[in-house]
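Worksheet: the structure to be examined is printed underneath.
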Amino acid sequence: MAGVVGTNLVAQVGFIVKDIEETKRKWAAFLGVDVPETQPCGDYEITQTEFEGKPAPKANSLLAFFDVGPGLQLELIQPNEEPSTWRNFLNEHGEGMHHLAFQVRDSKEQIARAEAAGLRLVQHGIYGDGGGEYNYMDAPDLKCIVELLESYPR
């Protein structure tokens, strides 16, 4: 099934947290796995983060990832204080599930399809290592944010 964004396979579940170090230890204990490294989201020179259609050079976060199944990842995100989808979520809802992510090809086409289906692009950026891009789509009818991930060929 292709659905709106070309796939129905969830690639990632993202959580916004206040304290990534504490939360990742709790998840690691719960899952029975090693505590992953914490990594920065990346420098603006690479990420080119845009929030609500405008450059957001100060929007940043700390990240930690758990591989929890074939092709499925759990992501923890601790935002800084600058405006972003992450900070807005924490301010408005507190800690919790922020997004479901889908790995896509041709982000521009999938964004257009998602927008035609009533979703709205709220934040865009390049992976901190330059290896792909993310696009957060507000999906009020789905009660969450949908993230479109495109990993570039290497």
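Ordered as shown in the structure tokens, chains take letters A, B, and onward, while each chain numbers its residues from 1 and ligands are numbered from 1 in the order shown.
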Could you pull the residues within 7 Å of Leu9 in chain A, counting only C-alpha atoms, minus those fewer than 2 positions along the same chain, as a ChimeraX atom specification? /A:7,11,102
Give me, as a tab-separated table, the closest atom pair and its distance (Å, one decimal) for every residue of range 85-128 of chain A within a cut-off of 12 Å of range 22-39 of chain A, counting only C-alpha atoms, rows sorted by chain and rising number.
residue	atom	partner	partner_atom	distance
A:Glu95	CA	A:Thr23	CA	10.5
A:Gly96	CA	A:Thr23	CA	11.2
A:Tyr127	CA	A:Gln39	CA	11.7
A:Gly128	CA	A:Gln39	CA	9.4
Write a file of the just-selected residues containing C-alpha atoms, as a PDB file, in the first residue's frame.
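See again.pdb below for the written result:
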ATOM      1  CA  GLU A  95       6.692  15.466  27.262  1.00  0.00           C
ATOM      2  CA  GLY A  96       5.328  12.745  25.000  1.00  0.00           C
ATOM      3  CA  TYR A 127      20.309  15.626   8.863  1.00  0.00           C
ATOM      4  CA  GLY A 128      23.262  16.814  10.927  1.00  0.00           C
TER       5      GLY A 128
END
Could you pull the residues within 12 Å of Pro140 in chain A, counting only C-alpha atoms, minus those fewer than 2 positions along the same chain, as an MDAnalysis selection string? chainID A and resid 99 117:121 137:138 142:146
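Considering only C-alpha atoms, the residue among A:Pro55, A:Ala101, A:Phe89, A:Tyr136 positioned nearest to Gly71 in chain A is A:Ala101.
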My list of candidates is A:Glu115, A:Asn135, A:Pro79, A:Ala59. Which is closest to Asn91 in chain A when distances are computed with only C-alpha atoms?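 Checking each candidate against Asn91 in chain A, we get A:Pro79 as the closest.
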Mind checking which residues fall within 8 Å of Leu90 in chain A, counting only C-alpha atoms, ignoring those fewer than 6 positions away in the same chain, and posting them as a VMD selection string? chain A and resid 16 to 18
Run DSSP on the backbone and tell me which residues of range 49-141 of chain A come out as alpha helix (DSSP H); list them as a VMD selection string. chain A and resid 85 to 93 107 to 116
Those of range 19-94 of chain A in DSSP strand (DSSP E or B), formatted as a PyMOL selection string: chain A and resi 39-40+50-51+54-55+61-69+72-79
Gln48 in chain A: which residues within 9 Å, counting only C-alpha atoms, same-chain residues fewer than 3 positions away excluded, as number ranges by chain? A: 43-45, 55-57, 124-126
